[in-house]
Every structure is written in structure tokens, then in C-alpha cells.
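Trainee: This is run02.txt, which holds compact mmCIF, C-alpha atoms and all ligand atoms:
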```
# COMPACT_ATOMS: atom_id res chain seq x y z
CA MET A 251 16.71 63.96 29.61
CA ILE A 252 17.95 61.94 26.64
CA LYS A 253 21.73 61.88 26.47
CA LYS A 254 23.19 61.93 22.98
CA PRO A 255 24.90 58.56 22.54
CA ILE A 256 28.68 58.56 22.26
CA VAL A 257 30.89 56.31 20.19
CA ALA A 258 34.54 56.85 21.09
CA ALA A 259 37.50 55.23 19.36
CA ASN A 260 40.61 54.52 21.40
CA TRP A 261 43.26 53.77 18.80
CA LYS A 262 45.91 52.99 21.42
CA MET A 263 49.35 52.67 19.74
CA TYR A 264 48.01 52.07 16.24
CA LYS A 265 47.96 54.11 13.01
CA THR A 266 50.36 56.70 11.62
CA PRO A 267 49.11 60.26 10.97
CA GLN A 268 48.64 59.38 7.29
CA GLU A 269 46.58 56.32 8.15
CA GLY A 270 44.53 58.35 10.62
CA VAL A 271 43.69 61.03 8.09
CA PHE A 272 42.81 58.41 5.49
CA PHE A 273 40.51 56.61 7.93
CA ILE A 274 38.62 59.79 8.79
CA SER A 275 38.11 60.75 5.16
CA GLU A 276 36.84 57.26 4.31
CA LEU A 277 34.52 57.23 7.31
CA ASN A 278 33.19 60.61 6.33
CA ASN A 279 32.39 59.33 2.84
CA LEU A 280 30.49 56.43 4.36
CA LEU A 281 28.52 58.52 6.82
CA LEU A 282 28.10 61.68 4.78
CA ASP A 283 24.76 63.40 5.41
CA LYS A 284 23.68 60.69 7.81
CA GLU A 285 22.68 61.50 11.36
CA LYS A 286 25.21 60.12 13.78
CA PRO A 287 25.90 59.77 17.46
CA SER A 288 28.71 61.89 18.94
CA ILE A 289 31.91 60.44 17.54
CA ILE A 290 35.21 60.95 19.33
CA PHE A 291 38.56 59.79 17.96
CA CYS A 292 41.43 59.28 20.39
CA PRO A 293 44.42 58.58 18.12
CA PRO A 294 48.09 58.58 19.15
CA PHE A 295 49.45 62.08 19.91
CA THR A 296 51.33 62.17 16.60
CA SER A 297 48.05 62.08 14.64
CA LEU A 298 46.18 64.78 16.53
CA PHE A 299 47.47 67.80 14.60
CA HIS A 300 46.74 66.42 11.13
CA MET A 301 43.45 64.83 12.09
CA ASN A 302 42.32 68.12 13.60
CA GLU A 303 42.90 69.93 10.31
CA MET A 304 40.83 67.23 8.65
CA ILE A 305 37.85 67.15 11.00
CA SER A 306 37.18 70.87 11.26
CA ASP A 307 34.33 70.56 8.75
CA LEU A 308 33.09 67.23 10.03
CA ASP A 309 30.89 66.40 12.96
CA ILE A 310 33.65 64.52 14.77
CA SER A 311 35.64 65.38 17.92
CA LEU A 312 39.17 64.61 18.97
CA GLY A 313 40.37 63.14 22.22
CA ALA A 314 43.80 62.30 23.61
CA GLN A 315 44.69 59.01 25.28
CA ASN A 316 46.66 60.55 28.12
CA VAL A 317 48.06 63.81 29.51
CA TYR A 318 50.61 64.83 32.12
CA PHE A 319 49.30 66.82 35.06
CA GLU A 320 52.05 69.48 35.12
CA LYS A 321 51.61 72.64 33.05
CA ASP A 322 55.09 72.43 31.49
CA GLY A 323 58.67 71.69 32.49
CA ALA A 324 61.47 69.15 32.26
CA PHE A 325 59.33 66.01 31.92
CA THR A 326 60.87 64.07 29.08
CA GLY A 327 58.36 62.10 27.08
CA GLU A 328 55.25 63.69 28.57
CA ILE A 329 52.61 65.92 26.99
CA SER A 330 50.77 68.90 28.45
CA MET A 331 47.17 69.95 28.33
CA SER A 332 47.95 73.16 26.41
CA MET A 333 49.80 71.14 23.74
CA LEU A 334 46.76 68.90 23.36
CA LYS A 335 44.37 71.84 23.27
CA SER A 336 46.37 73.48 20.51
CA CYS A 337 45.75 70.33 18.45
CA GLY A 338 41.98 70.66 18.89
CA VAL A 339 41.57 68.07 21.64
CA GLN A 340 38.22 68.30 23.45
CA TYR A 341 38.40 65.05 25.45
CA VAL A 342 41.12 63.16 27.31
CA ILE A 343 41.02 59.51 28.41
CA VAL A 344 42.18 59.27 32.01
CA GLY A 345 42.91 56.14 34.01
CA HIS A 346 42.69 53.64 31.16
CA SER A 347 43.43 50.13 32.43
CA GLU A 348 46.54 49.95 30.25
CA ARG A 349 47.86 53.09 31.96
CA ARG A 350 46.97 51.64 35.35
CA HIS A 351 48.32 48.13 34.83
CA ILE A 352 51.18 48.47 32.33
CA PHE A 353 52.42 51.90 33.42
CA ASN A 354 51.51 51.56 37.10
CA GLU A 355 49.37 54.67 37.28
CA SER A 356 47.63 54.95 40.62
CA ASN A 357 44.26 56.40 41.51
CA LYS A 358 46.22 59.39 42.81
CA ASP A 359 47.87 59.94 39.42
CA THR A 360 44.48 59.61 37.76
CA ASN A 361 43.10 62.19 40.16
CA LYS A 362 45.84 64.73 39.35
CA LYS A 363 45.20 64.25 35.64
CA LEU A 364 41.44 64.67 36.09
CA HIS A 365 42.01 68.01 37.82
CA THR A 366 44.31 69.19 35.03
CA VAL A 367 41.85 68.21 32.32
CA LEU A 368 38.84 69.80 34.02
CA GLU A 369 40.71 72.98 34.91
CA ASN A 370 41.41 73.36 31.20
CA ASP A 371 37.71 73.03 30.34
CA ILE A 372 38.28 69.75 28.57
CA VAL A 373 36.11 66.69 29.14
CA PRO A 374 37.81 63.73 30.80
CA ILE A 375 36.75 60.18 29.98
CA LEU A 376 37.51 58.46 33.26
CA CYS A 377 37.98 54.70 32.86
CA VAL A 378 37.22 52.31 35.67
CA GLY A 379 36.96 48.55 35.76
CA GLU A 380 37.87 45.44 37.67
CA LYS A 381 40.32 42.65 36.87
CA LEU A 382 39.10 39.08 36.46
CA GLU A 383 40.35 38.06 39.89
CA ASP A 384 38.43 40.96 41.47
CA ARG A 385 35.24 39.88 39.75
CA GLU A 386 35.72 36.24 40.66
CA SER A 387 36.31 37.08 44.29
CA GLY A 388 33.21 39.30 44.41
CA ASN A 389 35.19 42.52 44.70
CA THR A 390 33.89 44.39 41.65
CA ARG A 391 31.99 46.98 43.70
CA MET A 392 34.93 47.51 46.03
CA ILE A 393 37.32 48.16 43.11
CA LEU A 394 34.89 50.53 41.40
CA MET A 395 34.38 52.37 44.68
CA GLU A 396 38.15 52.66 45.22
CA GLN A 397 38.80 53.90 41.69
CA LEU A 398 35.97 56.43 41.86
CA LYS A 399 36.45 57.61 45.44
CA ASP A 400 40.23 58.05 45.18
CA GLY A 401 40.10 59.19 41.57
CA LEU A 402 37.54 61.90 42.30
CA VAL A 403 39.17 63.50 45.35
CA GLY A 404 38.58 67.26 45.18
CA ILE A 405 36.33 66.99 42.13
CA ASN A 406 33.21 68.94 43.06
CA LYS A 407 29.74 68.33 41.76
CA ASP A 408 29.97 70.94 39.00
CA MET A 409 33.13 69.28 37.78
CA ILE A 410 31.69 65.77 37.86
CA ASP A 411 28.77 66.96 35.78
CA ARG A 412 31.27 67.72 33.00
CA MET A 413 32.77 64.23 32.86
CA ILE A 414 32.27 61.01 30.97
CA ILE A 415 32.84 57.69 32.70
CA ALA A 416 33.78 54.50 30.88
CA TYR A 417 33.24 51.12 32.48
CA GLU A 418 35.94 48.88 31.04
CA PRO A 419 36.33 45.53 32.81
CA VAL A 420 40.00 44.62 32.36
CA TRP A 421 39.18 41.02 31.47
CA ALA A 422 37.04 42.15 28.52
CA ILE A 423 39.63 44.49 26.96
CA GLY A 424 41.16 43.10 23.79
CA THR A 425 40.16 39.54 24.71
CA GLY A 426 37.19 39.07 22.39
CA VAL A 427 35.12 38.28 25.48
CA ASN A 428 32.74 41.14 26.17
CA ALA A 429 30.97 41.51 29.49
CA LEU A 430 27.45 40.08 29.36
CA PRO A 431 24.68 42.66 29.16
CA SER A 432 23.56 41.64 32.67
CA GLN A 433 27.08 42.27 34.01
CA VAL A 434 27.27 45.60 32.21
CA GLU A 435 23.89 46.67 33.54
CA GLU A 436 24.86 45.71 37.07
CA SER A 437 28.22 47.49 36.94
CA HIS A 438 26.81 50.66 35.38
CA ALA A 439 24.16 50.73 38.10
CA MET A 440 26.92 50.28 40.71
CA ILE A 441 28.89 53.19 39.25
CA TRP A 442 25.82 55.38 39.35
CA GLU A 443 25.03 54.36 42.96
CA ILE A 444 28.62 55.06 43.99
CA LEU A 445 28.50 58.49 42.37
CA LEU A 446 25.25 59.29 44.17
CA GLU A 447 26.80 58.14 47.42
CA LEU A 448 29.97 60.19 46.92
CA TYR A 449 28.02 63.31 45.98
CA ASP A 450 25.11 62.97 48.44
CA ASN A 451 22.59 62.47 45.64
CA ASN A 452 23.55 65.91 44.46
CA ILE A 453 24.53 65.27 40.84
CA LYS A 454 22.60 65.55 37.63
CA ASN A 455 21.60 62.41 35.82
CA ASN A 456 23.45 63.41 32.70
CA ILE A 457 26.89 61.91 33.21
CA PRO A 458 27.31 59.53 30.28
CA ILE A 459 28.54 56.07 31.22
CA LEU A 460 30.13 54.23 28.31
CA TYR A 461 30.93 50.55 28.08
CA GLY A 462 34.26 49.34 26.69
CA GLY A 463 35.69 45.86 26.22
CA SER A 464 35.56 43.78 23.02
CA VAL A 465 32.71 45.79 21.49
CA LYS A 466 32.13 44.50 17.96
CA PRO A 467 29.31 44.95 15.41
CA ASP A 468 27.75 41.63 16.40
CA ASN A 469 27.49 42.39 20.11
CA SER A 470 26.92 46.13 19.93
CA GLU A 471 23.18 45.92 19.34
CA GLU A 472 22.62 43.94 22.52
CA LEU A 473 25.08 46.03 24.53
CA ILE A 474 23.70 49.39 23.44
CA ARG A 475 20.20 48.24 24.42
CA THR A 476 21.45 47.46 27.89
CA LYS A 477 20.08 49.69 30.61
CA GLY A 478 22.54 52.37 31.70
CA VAL A 479 24.73 52.22 28.59
CA ASP A 480 25.13 55.64 26.95
CA GLY A 481 27.65 54.60 24.31
CA PHE A 482 30.93 52.80 23.79
CA LEU A 483 34.67 53.24 24.13
CA ILE A 484 36.09 50.96 21.46
CA GLY A 485 39.60 49.67 20.89
CA GLY A 486 40.18 46.97 18.25
CA ALA A 487 36.97 47.40 16.26
CA SER A 488 37.55 51.15 15.93
CA LEU A 489 40.63 50.48 13.79
CA ASN A 490 38.55 48.83 11.11
CA LEU A 491 36.43 51.10 8.93
CA ASP A 492 33.76 48.56 8.20
CA MET A 493 33.33 47.44 11.80
CA PHE A 494 33.46 50.94 13.23
CA SER A 495 30.91 52.39 10.81
CA LYS A 496 28.56 49.46 11.47
CA ILE A 497 28.73 50.09 15.22
CA ILE A 498 28.02 53.79 14.65
CA GLU A 499 24.90 52.91 12.68
CA ILE A 500 23.71 50.41 15.28
CA VAL A 501 24.12 52.94 18.08
CA HIS A 502 22.38 55.63 16.07
CA ASN A 503 19.42 53.36 15.23
CA LYS A 504 18.92 52.35 18.84
CA PHE A 505 18.75 55.88 20.12
CA MET A 506 16.65 57.30 17.33
CA ARG A 507 13.82 54.81 17.73
P1 LIG B 1 38.89 46.58 22.85
O1 LIG B 1 37.66 47.14 22.20
O2 LIG B 1 39.98 46.26 21.87
O3 LIG B 1 38.55 45.44 23.76
O4 LIG B 1 39.52 47.73 23.77
C1 LIG B 1 38.70 48.41 24.65
C2 LIG B 1 39.43 49.56 25.20
O5 LIG B 1 40.42 49.40 25.90
C3 LIG B 1 38.96 50.90 24.86
O6 LIG B 1 39.57 51.87 25.65
```
Give the structure from this file in C-alpha cells form.
Mentor:
Amino acid sequence: MIKKPIVAANWKMYKTPQEGVFFISELNNLLLDKEKPSIIFCPPFTSLFHMNEMISDLDISLGAQNVYFEKDGAFTGEISMSMLKSCGVQYVIVGHSERRHIFNESNKDTNKKLHTVLENDIVPILCVGEKLEDRESGNTRMILMEQLKDGLVGINKDMIDRMIIAYEPVWAIGTGVNALPSQVEESHAMIWEILLELYDNNIKNNIPILYGGSVKPDNSEELIRTKGVDGFLIGGASLNLDMFSKIIEIVHNKFMR
């Protein structure tokens, strides 16, 4: 089965609502009437409401960068799944390396969030990836196994079939140094093997695995041709209209040939 390629933008803590709306309208002008991959924007929470009003006629989806696992309550500064859904969110990034390493989120936290997202019929984009020291000491597989095994506790095979996974090696995020295609291929294969192991070979081969980490127009052609890559999760280059639209075209061309 051919999976529709995905190009997801993680805007992190960049762009005001006005800038977000402007970006989407400009991108739409550039891509109007062109066939595209699935495009998902994950802007800051403050932009979701306005961007949702904007994209209702466009072939673009909205994602959030985070969610809290409780339904509601006295949790100052957090955001709930129902709040996100009411802003049109269809995807939520869970376990991003910045959440793990700056905000000390554990695999257990990630797991609680995954359950919340899936129980709300929203698609989680689960991020996994090793730090440089893990790679250099040959522990990439062990880290991926830990993040997947502990992150997926209680997630049954029907639930896993509704997820997206993003391989984002921490050392490639925001550094300008992308993982080499051979490293990406190897890690994506590892992720797939680990999933098969965890689910006794009992999962469908349609879980998209995205690559993220310094994806730019000039490396995206090579990376999207890499075996096991179903699309990208993009930080820096997704903030720039020219770069982001070029990557979209490159991904589209690869899959349509
Ligand atoms: P960069 O594309 O800026 O390296 O960020 C990747 C990322 O963290 C996407 O979630």
C-alpha cells in the first residue's frame, strides 16, 4: 500500500497568529490547484483558532505541539485535548525532544499523553530519537527501544495503527547537520523492527515514519528518497515560505513518479 507522504511543520515558539494566517494564505497562493502531499501545520497554541478559520477551505490540517493528559482542572499553563479539538486540531506532537530534554518529560508522561490523544480520536505524532552521546556509544537502538516500549505501554495494535512516528535524532535538530540517508534508513528500519517485536508482528505496514532534523530544500530530495521515509517533520525550514514550499514540491514529485 502506498502511504500518502506527509510534510509537517513544527513552528515551535515562532510566529504570532497574524503571521501564521499570512503564511498560510501565501502558501496557498503558491500551491493553488497543485497536487500536494498531506500538509500539517503545528503552530503555537495561540495561532490555532485563527489558522483553523483560514484553512477550512484548504487542503491543510492542523496539529498541536503538546497537550496535557488530564481532561480539565486546576493545571495552570496547560491545555486540554477538548480545547485543541475545538480549534480544529487533528494531530498532536507527543514526546518531542525539546519536551523531553528541556521540560524533562519522561517516557511515562509521553505515554499518558498518547493515551489522551488516541482516546480523543486524534492522531499523535510520536517523536523518538537519540542524543549524540547515545549514537556515539552505539546505544541508538537501545534508546529507540526504551522510548517506544515505555511510550507505548497500554497502546494496543488498533491504536498504534492510528499513529504517526517521527524519527528525530536530537543531534540533528536545529543544528544544520541532518542525519545521513544511511543513518536515517537504518534508524527507520530499527523503529519498524522494534514495533514488530512489541506487537508480535501483528501491525499493519501503514504507520508513517517521518524524518525530522535539519531538513532543508537541498537535502530533502535525498532524504525523501531514502528507504523507509514517509515524509518529514520540519522545524526551521517550515518558517520560511520559499523553503517550505520547495520541500513540499520535492516530496510531491518523489511520490508521484
Ligand atoms: P529543525 O528542522 O529546525 O532541525 O527542527 C526539527 C524538529 O524539531 C521538528 O520537530
Trainee: CA of Met440 (chain A) to CA of Leu398 (chain A): how many Å, to one decimal?
Mentor: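 Taking CA of Met440 (chain A) as the start and CA of Leu398 (chain A) as the end point, the length is 11.0 Å.
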Trainee: Could you list, as a ChimeraX atom specification, all protein and nucleic acid residues with an atom at most 8 Å from ligand LIG 1 (chain B), counting all atoms listed in the file?
Mentor: /A:259-262,346-348,377,418,422-426,428,462-466,483-488
Trainee: Considering only C-alpha atoms, state which residue in the set A:Asn279, A:Ser387, A:Ser330, A:Asn316 is at the smallest distance from Asp359 (chain A).
Mentor: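 For Asp359 (chain A), the nearest of the candidates is A:Asn316.
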Trainee: As lines of an AutoDock Vina configuration file, what would the box around region 466-484 of chain A look like: edges along x, y and z, 8 Å added on every side, centre and edge lengths in Å to one decimal?
Mentor:
```
center_x = 28.1
center_y = 48.6
center_z = 23.6
size_x = 32.0
size_y = 30.0
size_z = 32.3
```
Trainee: So which residues touch Lys286 (chain A) within 8 Å, counting only C-alpha atoms, skipping near sequence neighbours fewer than 5 positions away, as number ranges by chain?
Mentor: A: 281, 498-499, 502
Trainee: Restrict the selected residues to C-alpha atoms and save them as a CSV table (one decimal), keeping the file's coordinate frame.
Mentor:
```csv
chain,number,residue,atom,x,y,z
A,281,LEU,CA,28.5,58.5,6.8
A,498,ILE,CA,28.0,53.8,14.6
A,499,GLU,CA,24.9,52.9,12.7
A,502,HIS,CA,22.4,55.6,16.1
```
Trainee: Considering all atoms listed in the file, state which residue in the set A:Leu460, A:Ile372, A:Leu334, A:Leu491 is at the smallest distance from Pro294 (chain A).
Mentor: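 Closest residue, counting all atoms listed in the file: A:Leu334.
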Trainee: Using Å and a single decimal, report how far CA of Val420 (chain A) sits from CA of Met392 (chain A).
Mentor: 14.9 Å
Trainee: Show which residues sit within 12 Å of Leu446 (chain A), as a PyMOL selection string. Count all atoms listed in the file, and ignore same-chain residues fewer than 4 positions away.
Mentor: chain A and resi 395+398-399+407+410-411+439-442+450-455+457
Trainee: Given the choices A:Glu435, A:Thr390, A:Pro458, A:Asn469, which gets closest to Lys496 (chain A) if the distance is worked out from all atoms listed in the file?
Mentor: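 Counting all atoms listed in the file, the residue closest to Lys496 (chain A) is A:Asn469.
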Trainee: Have a look at CA of Leu308 (chain A) and CA of Gln268 (chain A) and let me know their distance in Å, one decimal.
Mentor: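 Atom-to-atom, CA of Leu308 (chain A) to CA of Gln268 (chain A), that is 17.6 Å.
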Trainee: From the options A:Phe291, A:Trp421, A:Phe494, A:Tyr341, which residue's atoms come nearest to Glu380 (chain A), counting all atoms listed in the file?
Mentor: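 Closest to Glu380 (chain A) of all the choices is A:Trp421.
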